[in-house]
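Note: the block below is structure-v2.pdb and it holds PDB, C-alpha atoms.
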```pdb
MODEL        1
ATOM      1  CA  MET A   1     131.034  45.211 193.574
ATOM      2  CA  VAL A   2     129.983  46.084 190.012
ATOM      3  CA  CYS A   3     132.814  47.207 187.758
ATOM      4  CA  GLN A   4     131.825  50.086 185.524
ATOM      5  CA  LYS A   5     132.945  49.871 181.914
ATOM      6  CA  VAL A   6     135.461  52.484 180.833
ATOM      7  CA  VAL A   7     135.344  54.250 177.453
ATOM      8  CA  VAL A   8     138.680  53.718 175.694
ATOM      9  CA  ASN A   9     137.802  55.280 172.331
ATOM     10  CA  GLU A  10     135.037  57.602 171.211
ATOM     11  CA  VAL A  11     133.904  59.293 168.028
ATOM     12  CA  SER A  12     131.764  62.167 169.215
ATOM     13  CA  GLY A  13     128.058  61.500 168.743
ATOM     14  CA  TRP A  14     128.557  58.267 166.854
ATOM     15  CA  LEU A  15     130.384  55.535 168.714
ATOM     16  CA  ARG A  16     131.988  54.520 172.012
ATOM     17  CA  VAL A  17     134.363  51.584 172.500
ATOM     18  CA  PHE A  18     134.744  50.177 176.023
ATOM     19  CA  ASP A  19     137.630  48.470 177.773
ATOM     20  CA  ASP A  20     135.887  45.085 177.567
ATOM     21  CA  GLY A  21     135.724  45.362 173.766
ATOM     22  CA  SER A  22     132.008  46.153 173.592
ATOM     23  CA  VAL A  23     130.749  48.936 171.328
ATOM     24  CA  ASP A  24     127.845  51.359 171.811
ATOM     25  CA  ARG A  25     126.545  53.036 168.654
ATOM     26  CA  THR A  26     123.659  54.906 170.308
ATOM     27  CA  TRP A  27     123.406  58.388 168.772
ATOM     28  CA  THR A  28     124.454  61.009 171.344
ATOM     29  CA  GLY A  29     124.717  64.026 169.057
ATOM     30  CA  PRO A  30     122.109  66.762 168.503
ATOM     31  CA  PRO A  31     118.644  65.211 168.988
ATOM     32  CA  GLN A  32     117.184  67.086 166.023
ATOM     33  CA  VAL A  33     119.241  64.976 163.600
ATOM     34  CA  GLN A  34     118.730  61.626 165.299
ATOM     35  CA  PHE A  35     115.898  60.695 162.927
ATOM     36  CA  MET A  36     118.429  60.285 160.096
ATOM     37  CA  THR A  37     120.086  57.408 161.987
ATOM     38  CA  GLU A  38     116.868  55.594 162.839
ATOM     39  CA  PRO A  39     115.813  52.440 160.969
ATOM     40  CA  VAL A  40     112.944  52.526 158.489
ATOM     41  CA  PRO A  41     110.854  49.314 158.608
ATOM     42  CA  PRO A  42     110.503  47.495 155.278
ATOM     43  CA  HIS A  43     107.154  47.796 153.481
ATOM     44  CA  ASP A  44     105.969  45.455 150.753
ATOM     45  CA  GLU A  45     103.380  48.000 149.664
ATOM     46  CA  PHE A  46     104.421  50.861 147.392
ATOM     47  CA  ILE A  47     104.927  54.162 149.235
ATOM     48  CA  ASP A  48     105.756  57.138 147.010
ATOM     49  CA  GLY A  49     106.376  54.675 144.204
ATOM     50  CA  VAL A  50     108.812  52.345 145.995
ATOM     51  CA  ALA A  51     108.405  49.122 148.000
ATOM     52  CA  THR A  52     111.113  47.671 150.249
ATOM     53  CA  ARG A  53     111.871  44.318 151.807
ATOM     54  CA  ASP A  54     114.703  42.726 153.773
ATOM     55  CA  VAL A  55     116.233  39.434 152.647
ATOM     56  CA  PHE A  56     118.375  37.167 154.834
ATOM     57  CA  VAL A  57     120.697  35.201 152.550
ATOM     58  CA  ASN A  58     122.720  33.613 155.360
ATOM     59  CA  LYS A  59     123.869  34.459 158.898
ATOM     60  CA  ASN A  60     126.380  37.016 157.596
ATOM     61  CA  LEU A  61     124.463  38.456 154.642
ATOM     62  CA  ARG A  62     121.322  40.538 154.931
ATOM     63  CA  LEU A  63     120.054  42.843 152.209
ATOM     64  CA  ARG A  64     117.444  45.563 151.783
ATOM     65  CA  ILE A  65     115.756  45.698 148.374
ATOM     66  CA  TYR A  66     114.113  48.810 146.913
ATOM     67  CA  LEU A  67     111.673  48.038 144.084
ATOM     68  CA  PRO A  68     110.275  50.963 142.049
ATOM     69  CA  GLU A  69     106.665  50.788 140.920
ATOM     70  CA  THR A  70     106.336  50.089 137.196
ATOM     71  CA  ASN A  71     103.596  49.966 134.618
ATOM     72  CA  PRO A  72     102.215  46.378 134.625
ATOM     73  CA  GLU A  73     102.141  46.494 130.829
ATOM     74  CA  ASP A  74     105.862  47.322 130.648
ATOM     75  CA  GLU A  75     107.725  44.000 130.602
ATOM     76  CA  SER A  76     111.225  45.491 130.304
ATOM     77  CA  LYS A  77     113.657  44.458 133.034
ATOM     78  CA  LEU A  78     115.197  46.969 135.449
ATOM     79  CA  PRO A  79     118.901  47.567 136.121
ATOM     80  CA  ILE A  80     120.150  46.419 139.531
ATOM     81  CA  ILE A  81     122.188  48.796 141.711
ATOM     82  CA  LEU A  82     124.088  47.082 144.536
ATOM     83  CA  HIS A  83     124.545  49.645 147.315
ATOM     84  CA  LEU A  84     127.387  49.609 149.871
ATOM     85  CA  HIS A  85     126.713  52.092 152.648
ATOM     86  CA  GLY A  86     129.199  54.456 154.260
ATOM     87  CA  GLY A  87     130.028  55.191 157.884
ATOM     88  CA  GLY A  88     133.797  54.890 158.021
ATOM     89  CA  PHE A  89     133.434  51.075 158.126
ATOM     90  CA  CYS A  90     132.310  51.514 161.766
ATOM     91  CA  ILE A  91     128.762  52.889 161.853
ATOM     92  CA  SER A  92     125.419  53.028 160.019
ATOM     93  CA  GLN A  93     123.054  50.420 158.651
ATOM     94  CA  ALA A  94     121.364  49.851 155.313
ATOM     95  CA  ASP A  95     117.942  50.651 156.810
ATOM     96  CA  TRP A  96     118.878  54.076 158.225
ATOM     97  CA  TYR A  97     116.596  56.896 157.138
ATOM     98  CA  MET A  98     119.483  58.826 155.547
ATOM     99  CA  TYR A  99     119.888  55.992 153.028
ATOM    100  CA  TYR A 100     116.166  55.328 152.696
ATOM    101  CA  HIS A 101     115.416  58.884 151.579
ATOM    102  CA  MET A 102     118.260  58.803 149.032
ATOM    103  CA  TYR A 103     117.895  55.340 147.570
ATOM    104  CA  THR A 104     114.120  55.434 147.224
ATOM    105  CA  ARG A 105     114.683  58.591 145.150
ATOM    106  CA  LEU A 106     117.374  56.906 143.076
ATOM    107  CA  ALA A 107     115.220  53.799 142.512
ATOM    108  CA  ARG A 108     112.432  56.042 141.195
ATOM    109  CA  SER A 109     114.707  58.247 139.086
ATOM    110  CA  ALA A 110     116.822  55.501 137.517
ATOM    111  CA  LYS A 111     113.925  53.026 137.361
ATOM    112  CA  ALA A 112     116.280  50.563 138.992
ATOM    113  CA  ILE A 113     116.137  47.978 141.747
ATOM    114  CA  CYS A 114     118.470  49.030 144.554
ATOM    115  CA  VAL A 115     119.909  46.275 146.740
ATOM    116  CA  SER A 116     121.583  47.615 149.877
ATOM    117  CA  VAL A 117     123.943  45.423 151.919
ATOM    118  CA  TYR A 118     123.903  45.375 155.721
ATOM    119  CA  LEU A 119     127.674  45.500 156.114
ATOM    120  CA  ARG A 120     129.529  44.108 159.109
ATOM    121  CA  LEU A 121     131.105  46.894 161.145
ATOM    122  CA  ALA A 122     134.466  47.552 162.770
ATOM    123  CA  PRO A 123     136.006  47.278 165.270
ATOM    124  CA  GLU A 124     134.199  43.949 165.773
ATOM    125  CA  HIS A 125     134.777  43.146 162.083
ATOM    126  CA  ARG A 126     137.803  44.920 160.685
ATOM    127  CA  LEU A 127     138.598  45.232 157.006
ATOM    128  CA  PRO A 128     138.320  43.360 154.708
ATOM    129  CA  ALA A 129     135.032  42.087 156.271
ATOM    130  CA  PRO A 130     132.757  44.603 154.451
ATOM    131  CA  VAL A 131     134.580  43.930 151.174
ATOM    132  CA  ASN A 132     133.751  40.259 151.636
ATOM    133  CA  ASP A 133     130.122  41.178 152.376
ATOM    134  CA  GLY A 134     129.832  43.276 149.228
ATOM    135  CA  PHE A 135     131.382  40.571 147.058
ATOM    136  CA  SER A 136     129.164  37.905 148.671
ATOM    137  CA  ALA A 137     126.128  40.007 147.744
ATOM    138  CA  LEU A 138     127.379  40.180 144.147
ATOM    139  CA  LEU A 139     127.843  36.403 144.085
ATOM    140  CA  TRP A 140     124.295  35.991 145.421
ATOM    141  CA  LEU A 141     123.023  38.104 142.531
ATOM    142  CA  ARG A 142     124.981  35.809 140.216
ATOM    143  CA  SER A 143     123.293  32.772 141.817
ATOM    144  CA  LEU A 144     119.914  34.369 141.071
ATOM    145  CA  ALA A 145     120.943  34.956 137.462
ATOM    146  CA  GLN A 146     122.018  31.310 137.221
ATOM    147  CA  GLY A 147     118.710  30.097 138.656
ATOM    148  CA  GLU A 148     120.410  28.594 141.725
ATOM    149  CA  SER A 149     118.688  30.984 144.178
ATOM    150  CA  TYR A 150     115.309  32.683 144.181
ATOM    151  CA  GLU A 151     114.078  36.144 145.128
ATOM    152  CA  PRO A 152     110.841  37.104 143.330
ATOM    153  CA  TRP A 153     111.397  40.855 142.994
ATOM    154  CA  LEU A 154     114.810  40.417 141.417
ATOM    155  CA  ILE A 155     113.921  37.359 139.335
ATOM    156  CA  ASN A 156     110.729  38.936 137.966
ATOM    157  CA  HIS A 157     111.983  42.492 137.441
ATOM    158  CA  GLY A 158     115.808  42.580 137.497
ATOM    159  CA  ASP A 159     118.155  42.770 134.502
ATOM    160  CA  PHE A 160     121.255  40.792 135.521
ATOM    161  CA  ASN A 161     123.058  42.071 132.444
ATOM    162  CA  ARG A 162     123.050  45.584 133.954
ATOM    163  CA  VAL A 163     124.339  45.358 137.521
ATOM    164  CA  PHE A 164     126.034  48.396 139.063
ATOM    165  CA  LEU A 165     127.934  49.010 142.291
ATOM    166  CA  ILE A 166     127.328  52.222 144.228
ATOM    167  CA  GLY A 167     128.717  53.358 147.564
ATOM    168  CA  ASP A 168     128.729  56.410 149.823
ATOM    169  CA  SER A 169     131.962  57.597 151.465
ATOM    170  CA  SER A 170     133.710  54.457 152.785
ATOM    171  CA  GLY A 171     131.214  52.533 150.670
ATOM    172  CA  GLY A 172     132.927  54.154 147.683
ATOM    173  CA  ASN A 173     136.140  52.421 148.727
ATOM    174  CA  LEU A 174     134.197  49.164 148.723
ATOM    175  CA  VAL A 175     132.958  49.840 145.176
ATOM    176  CA  HIS A 176     136.561  49.879 143.973
ATOM    177  CA  GLU A 177     137.533  46.786 145.982
ATOM    178  CA  VAL A 178     134.485  44.705 145.022
ATOM    179  CA  ALA A 179     134.818  45.716 141.350
ATOM    180  CA  ALA A 180     138.515  44.760 141.383
ATOM    181  CA  ARG A 181     137.694  41.390 142.921
ATOM    182  CA  ALA A 182     134.856  40.885 140.429
ATOM    183  CA  GLY A 183     137.321  41.457 137.587
ATOM    184  CA  LYS A 184     139.096  38.255 138.592
ATOM    185  CA  ALA A 185     135.909  36.162 138.807
ATOM    186  CA  ASP A 186     133.492  34.568 136.367
ATOM    187  CA  LEU A 187     130.186  36.288 137.135
ATOM    188  CA  SER A 188     128.339  35.036 134.044
ATOM    189  CA  PRO A 189     125.545  35.277 133.206
ATOM    190  CA  LEU A 190     125.633  38.419 135.381
ATOM    191  CA  ARG A 191     127.438  41.440 133.925
ATOM    192  CA  LEU A 192     128.954  44.140 136.123
ATOM    193  CA  ALA A 193     128.097  47.210 134.058
ATOM    194  CA  GLY A 194     129.565  50.007 136.177
ATOM    195  CA  GLY A 195     130.796  51.375 139.479
ATOM    196  CA  ILE A 196     129.682  54.591 141.180
ATOM    197  CA  PRO A 197     131.828  55.692 144.141
ATOM    198  CA  ILE A 198     130.226  58.769 145.754
ATOM    199  CA  HIS A 199     132.673  60.857 147.816
ATOM    200  CA  PRO A 200     134.884  57.791 148.449
ATOM    201  CA  GLY A 201     137.008  57.778 151.591
ATOM    202  CA  PHE A 202     140.338  57.733 149.778
ATOM    203  CA  VAL A 203     143.104  59.091 152.001
ATOM    204  CA  ARG A 204     146.807  58.512 152.644
ATOM    205  CA  ALA A 205     149.108  58.472 155.647
ATOM    206  CA  VAL A 206     150.391  61.986 154.886
ATOM    207  CA  ARG A 207     147.518  64.450 155.116
ATOM    208  CA  SER A 208     146.512  66.138 151.890
ATOM    209  CA  ARG A 209     146.262  69.893 151.536
ATOM    210  CA  SER A 210     142.465  69.760 151.410
ATOM    211  CA  GLU A 211     142.358  67.836 154.701
ATOM    212  CA  LEU A 212     144.293  70.676 156.288
ATOM    213  CA  GLU A 213     142.508  73.575 154.572
ATOM    214  CA  GLN A 214     138.942  72.567 153.699
ATOM    215  CA  PRO A 215     136.317  73.130 156.405
ATOM    216  CA  GLU A 216     135.002  70.118 158.280
ATOM    217  CA  SER A 217     131.368  69.171 157.731
ATOM    218  CA  PRO A 218     128.642  67.409 159.754
ATOM    219  CA  MET A 219     129.310  64.244 157.755
ATOM    220  CA  LEU A 220     133.121  64.274 157.929
ATOM    221  CA  THR A 221     135.725  65.613 160.348
ATOM    222  CA  ILE A 222     139.426  64.906 160.849
ATOM    223  CA  ASP A 223     138.545  63.173 164.119
ATOM    224  CA  MET A 224     136.102  60.864 162.326
ATOM    225  CA  VAL A 225     138.632  59.976 159.608
ATOM    226  CA  ASP A 226     141.420  59.226 162.063
ATOM    227  CA  LYS A 227     139.432  57.315 164.665
ATOM    228  CA  PHE A 228     137.187  55.328 162.353
ATOM    229  CA  LEU A 229     140.157  54.158 160.295
ATOM    230  CA  SER A 230     142.182  53.290 163.386
ATOM    231  CA  LEU A 231     139.307  51.000 164.375
ATOM    232  CA  ALA A 232     138.661  49.614 160.885
ATOM    233  CA  LEU A 233     142.022  49.007 159.223
ATOM    234  CA  PRO A 234     143.845  45.737 159.882
ATOM    235  CA  VAL A 235     145.925  46.034 163.049
ATOM    236  CA  GLY A 236     149.297  47.581 162.247
ATOM    237  CA  SER A 237     148.141  49.165 158.969
ATOM    238  CA  THR A 238     148.305  52.840 158.050
ATOM    239  CA  LYS A 239     146.032  54.890 155.779
ATOM    240  CA  ASP A 240     148.299  53.832 152.911
ATOM    241  CA  HIS A 241     146.514  50.461 153.027
ATOM    242  CA  PRO A 242     145.172  49.505 149.546
ATOM    243  CA  ILE A 243     141.530  49.801 150.650
ATOM    244  CA  THR A 244     141.945  53.398 151.812
ATOM    245  CA  CYS A 245     144.602  54.362 149.252
ATOM    246  CA  PRO A 246     144.005  52.295 146.083
ATOM    247  CA  MET A 247     146.092  54.769 144.078
ATOM    248  CA  GLY A 248     149.070  54.445 146.434
ATOM    249  CA  TYR A 249     152.328  52.543 146.343
ATOM    250  CA  GLY A 250     150.974  49.714 148.516
ATOM    251  CA  ALA A 251     147.974  48.955 146.287
ATOM    252  CA  PRO A 252     147.776  46.683 143.243
ATOM    253  CA  ASP A 253     148.769  48.488 140.055
ATOM    254  CA  LEU A 254     145.592  49.996 138.596
ATOM    255  CA  ASP A 255     146.802  48.959 135.131
ATOM    256  CA  SER A 256     146.482  45.328 136.207
ATOM    257  CA  LEU A 257     142.842  45.593 137.298
ATOM    258  CA  LYS A 258     139.867  44.684 135.140
ATOM    259  CA  LEU A 259     137.311  47.342 136.057
ATOM    260  CA  PRO A 260     133.950  48.330 134.552
ATOM    261  CA  PRO A 261     133.228  51.969 133.622
ATOM    262  CA  PHE A 262     133.231  54.237 136.676
ATOM    263  CA  LEU A 263     131.347  57.413 137.568
ATOM    264  CA  LEU A 264     133.363  59.119 140.323
ATOM    265  CA  CYS A 265     131.192  61.599 142.209
ATOM    266  CA  ILE A 266     132.947  64.240 144.308
ATOM    267  CA  ALA A 267     131.936  67.387 146.192
ATOM    268  CA  GLU A 268     133.839  70.616 145.586
ATOM    269  CA  ARG A 269     134.242  71.358 149.306
ATOM    270  CA  ASP A 270     134.900  67.809 150.455
ATOM    271  CA  MET A 271     137.697  67.681 153.012
ATOM    272  CA  ILE A 272     139.281  64.762 151.134
ATOM    273  CA  ILE A 273     138.824  66.068 147.578
ATOM    274  CA  ASP A 274     142.586  66.135 146.922
ATOM    275  CA  THR A 275     143.012  62.402 147.440
ATOM    276  CA  GLU A 276     139.779  61.669 145.565
ATOM    277  CA  MET A 277     141.263  63.585 142.624
ATOM    278  CA  GLU A 278     144.551  61.681 143.007
ATOM    279  CA  TYR A 279     142.498  58.509 142.510
ATOM    280  CA  TYR A 280     140.783  59.999 139.446
ATOM    281  CA  GLU A 281     144.095  60.983 137.867
ATOM    282  CA  ALA A 282     145.578  57.549 138.617
ATOM    283  CA  MET A 283     142.570  55.868 136.994
ATOM    284  CA  LYS A 284     142.913  58.062 133.901
ATOM    285  CA  LYS A 285     146.655  57.364 133.726
ATOM    286  CA  ALA A 286     145.875  53.639 133.859
ATOM    287  CA  LYS A 287     143.498  54.205 130.921
ATOM    288  CA  LYS A 288     140.425  53.188 132.907
ATOM    289  CA  GLU A 289     137.010  54.421 131.754
ATOM    290  CA  VAL A 290     136.097  56.952 134.445
ATOM    291  CA  GLU A 291     133.782  59.954 134.359
ATOM    292  CA  LEU A 292     133.801  62.745 136.922
ATOM    293  CA  LEU A 293     130.697  64.340 138.444
ATOM    294  CA  ILE A 294     131.465  67.364 140.644
ATOM    295  CA  SER A 295     128.856  68.962 142.943
ATOM    296  CA  PRO A 296     129.801  72.668 143.208
ATOM    297  CA  GLY A 297     129.817  74.252 146.669
ATOM    298  CA  MET A 298     128.941  70.992 148.418
ATOM    299  CA  SER A 299     130.673  69.084 151.228
ATOM    300  CA  HIS A 300     131.062  65.384 151.985
ATOM    301  CA  SER A 301     127.882  63.269 151.693
ATOM    302  CA  PHE A 302     125.705  66.407 151.536
ATOM    303  CA  TYR A 303     122.885  64.494 149.814
ATOM    304  CA  LEU A 304     122.387  62.237 152.864
ATOM    305  CA  ASN A 305     121.724  65.222 155.142
ATOM    306  CA  LYS A 306     117.930  65.331 154.871
ATOM    307  CA  ILE A 307     117.691  68.561 156.882
ATOM    308  CA  ALA A 308     119.986  70.394 154.447
ATOM    309  CA  VAL A 309     118.244  68.841 151.440
ATOM    310  CA  ASP A 310     114.886  70.125 152.747
ATOM    311  CA  MET A 311     116.012  73.514 154.038
ATOM    312  CA  ASP A 312     118.738  74.698 151.646
ATOM    313  CA  PRO A 313     117.785  75.256 147.982
ATOM    314  CA  GLN A 314     121.387  74.805 146.787
ATOM    315  CA  THR A 315     121.753  71.457 148.571
ATOM    316  CA  ALA A 316     118.389  70.371 147.156
ATOM    317  CA  ALA A 317     119.430  71.363 143.635
ATOM    318  CA  GLN A 318     122.804  69.632 143.875
ATOM    319  CA  THR A 319     121.168  66.483 145.249
ATOM    320  CA  GLU A 320     118.816  66.464 142.283
ATOM    321  CA  GLY A 321     121.814  66.996 139.989
ATOM    322  CA  LEU A 322     123.669  64.103 141.593
ATOM    323  CA  ILE A 323     120.703  61.752 141.215
ATOM    324  CA  SER A 324     120.212  62.870 137.603
ATOM    325  CA  GLY A 325     123.893  62.276 136.826
ATOM    326  CA  ILE A 326     123.796  58.790 138.314
ATOM    327  CA  THR A 327     120.574  58.035 136.431
ATOM    328  CA  GLU A 328     122.153  59.133 133.149
ATOM    329  CA  PHE A 329     125.199  56.926 133.795
ATOM    330  CA  VAL A 330     123.017  53.894 134.546
ATOM    331  CA  ASN A 331     120.827  54.492 131.502
ATOM    332  CA  LYS A 332     123.759  54.579 129.077
ATOM    333  CA  HIS A 333     125.453  51.460 130.392
TER
ENDMDL
END
```

What do you get writing this file as structure tokens?
Amino acid sequence: MVCQKVVVNEVSGWLRVFDDGSVDRTWTGPPQVQFMTEPVPPHDEFIDGVATRDVFVNKNLRLRIYLPETNPEDESKLPIILHLHGGGFCISQADWYMYYHMYTRLARSAKAICVSVYLRLAPEHRLPAPVNDGFSALLWLRSLAQGESYEPWLINHGDFNRVFLIGDSSGGNLVHEVAARAGKADLSPLRLAGGIPIHPGFVRAVRSRSELEQPESPMLTIDMVDKFLSLALPVGSTKDHPITCPMGYGAPDLDSLKLPPFLLCIAERDMIIDTEMEYYEAMKKAKKEVELLISPGMSHSFYLNKIAVDMDPQTAAQTEGLISGITEFVNKH
């Protein structure tokens, strides 16, 4: 007799957890959006001005590199943007099309090398696993800068004095955590020049007003927040955990952290805008260098929704504005 596995937890469309501990991340939502969750193969040749390759550093660390095409006569080095993807710590991969279409654009706009980390996922790998992955990637960049490792695209074209962290949604949480950890380490000769959390998944145990009143979006619902975090946070933790609530009572005092300049990107209609703004105000109170970029009329992670970017002129314009704002931040640091 064959025993059929039983679903014990499910996030509609995205993920199913079974009673034997296995996880199925096959997309089961609307088929017309499935293409955004499909992997894009790497290509060493330049397509629309960007080439990509995957690098396996060790068994736990795999990276995707986006190299923008440059003028062969221009010998100036390019800033390096270390990307930490979103997905509530439970889903998505660095090679998904939704990230490919965004980070090829950013590589072109900022004339920067983007390095995206394939993060380990919960519930198989609960927090702080992806924090460790992000910091390991930063240490690998340091080893390149020191001449202890070799990757030709980064060695030949990268400026290790201008390294930035960027992250979408839960990846924004990782930007804060990795930057805080980096502040306690000697990264020389690498310099961490800035952090860019985009719509970070900052929440707290008591729901904010915006969680209760703002409309849900395709990229973020109450169900997604609750279930993803229940699967990702250390067992027994609440949303007041320092990784999800770095401005809360359980987190290290922001005054004590050595952080680079930050560009905090938020969307006006994000369901979690209230707690994102709580983080901004706490950073300002701690006298941290933090700029705010607000996308009017937009919801959580709007820029990753390729259908909306293509079909809705306002989403397209705000995506362009977001990329321009990030480019300006990178250029001045």

If the box runs along x, y and z of the file and leaves 3 Å on each side of segment 268-278 of chain A, what are its centre and edge lengths in Å, one decimal, as lines of an AutoDock Vina configuration file?
```
center_x = 139.2
center_y = 66.5
center_z = 147.8
size_x = 16.7
size_y = 15.7
size_z = 16.4
```

- Task: Would you list the residues near (132.6, 58.7, 145.2) (no more than 8 Å away, in the coordinates of the file, using all atoms listed in the file) as a list in words?
- Result: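 These residues have at least one counted atom within 8 Å: Gly167, Asp168, Ser169, Gly172, Ile196, Pro197, Ile198, His199, Pro200, Gly201, Leu263, Leu264, Cys265, Ile266 and Glu276 of chain A.
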
- Task: For atom CA of Leu304 of chain A and atom CA of Arg108 of chain A, quote the distance in Å rounded to one decimal.
- Result: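 These atoms are spaced 16.5 Å apart.
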
- Message: When the PyMOL selection byres ((chain A and resi 306) around 9) is applied to the structure above, which residues does it catch, written out as a PyMOL selection string?
- Response: chain A and resi 33+36+97-98+101-102+302-305+307-311

- Pick out the closest residue to Val290 of chain A from this set: A:Gly194, A:Pro152, A:Gly87, A:Pro123. Count only C-alpha atoms.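 For Val290 of chain A, the nearest of the given residues is A:Gly194.
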
- In Å and to one decimal, atom CA of Gly88 of chain A is distant from atom CA of Ala232 of chain A by 7.7 Å

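Residues within 10 Å of Pro130 of chain A, counting only C-alpha atoms and excluding same-chain residues fewer than 5 positions away, are A:Leu84, A:His85, A:Phe89, A:Val117, A:Tyr118, A:Leu119, A:Arg120, A:Leu121, A:Ala122, A:His125, A:Phe135, A:Ser136, A:Gly171, A:Leu174, A:Glu177, A:Val178.
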
- Message: If the PyMOL selection byres ((chain A and resi 202) around 10) were run on this exact file, what residues would it hold? Put them as JSON, numbers by chain.
- Response: {"A": [169, 170, 172, 173, 199, 200, 201, 203, 204, 239, 240, 242, 243, 244, 245, 246, 247, 248, 272, 273, 274, 275, 276, 277, 278, 279]}

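Between atom CA of Ser256 of chain A and atom CA of Leu138 of chain A the interatomic distance comes to 21.3 Å.
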
- Message: Since I can't run it myself right now, could you work out what the PyMOL selection byres ((chain A and resi 116) around 6) selects here and report it as a list of chain:residue names?
- Response: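 Written out, the selection comes to A:Leu63, A:Arg64, A:Leu82, A:His83, A:Ala94, A:Val115, A:Val117.
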
- Item | Residue nearest Leu254 of chain A among A:Pro215, A:Pro39, A:Gly183, A:Pro234 (counting only C-alpha atoms) | A:Gly183

- Query: From the list A:Ala193, A:Lys59, A:His157, A:Val163, which residue is nearest Asp74 of chain A when using only C-alpha atoms?
  - Reply: A:His157

- Between A:Lys184, A:Arg62, A:Arg16, A:Lys77, which is the closest to Ala137 of chain A once you count only C-alpha atoms?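 Of the candidates, the smallest distance to Ala137 of chain A is held by A:Arg62.
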
Please work out which residues fall within 12 Å of (113.4, 56.0, 138.7), coordinates as given in the file, with all atoms listed in the file counting, and return them as a short mmCIF file (atom, residue, chain, number, x, y, z; two decimals) with C-alpha atoms, in the frame of the given file.
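out.cif, freshly written:
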```cif
data_model
loop_
_atom_site.label_atom_id
_atom_site.label_comp_id
_atom_site.auth_asym_id
_atom_site.auth_seq_id
_atom_site.Cartn_x
_atom_site.Cartn_y
_atom_site.Cartn_z
CA ASP A 48 105.76 57.14 147.01
CA GLY A 49 106.38 54.68 144.20
CA VAL A 50 108.81 52.34 146.00
CA TYR A 66 114.11 48.81 146.91
CA LEU A 67 111.67 48.04 144.08
CA PRO A 68 110.28 50.96 142.05
CA GLU A 69 106.66 50.79 140.92
CA THR A 70 106.34 50.09 137.20
CA LEU A 78 115.20 46.97 135.45
CA PRO A 79 118.90 47.57 136.12
CA ILE A 80 120.15 46.42 139.53
CA ILE A 81 122.19 48.80 141.71
CA MET A 102 118.26 58.80 149.03
CA TYR A 103 117.90 55.34 147.57
CA THR A 104 114.12 55.43 147.22
CA ARG A 105 114.68 58.59 145.15
CA LEU A 106 117.37 56.91 143.08
CA ALA A 107 115.22 53.80 142.51
CA ARG A 108 112.43 56.04 141.20
CA SER A 109 114.71 58.25 139.09
CA ALA A 110 116.82 55.50 137.52
CA LYS A 111 113.92 53.03 137.36
CA ALA A 112 116.28 50.56 138.99
CA ILE A 113 116.14 47.98 141.75
CA CYS A 114 118.47 49.03 144.55
CA ILE A 323 120.70 61.75 141.22
CA SER A 324 120.21 62.87 137.60
CA ILE A 326 123.80 58.79 138.31
CA THR A 327 120.57 58.04 136.43
CA GLU A 328 122.15 59.13 133.15
CA VAL A 330 123.02 53.89 134.55
CA ASN A 331 120.83 54.49 131.50
#
```

- Among listed residues A:Gly236, A:Pro260, A:Gly13, A:Gly147, nearest His176 of chain A (using only C-alpha atoms):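 Result for the nearest residue to His176 of chain A: A:Pro260.
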
- Item | Residue among A:Leu61, A:Cys3, A:Ala267, A:Ile91 lying closest to Thr26 of chain A, counting only C-alpha atoms |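 Of all the options, A:Ile91 lies closest to Thr26 of chain A.
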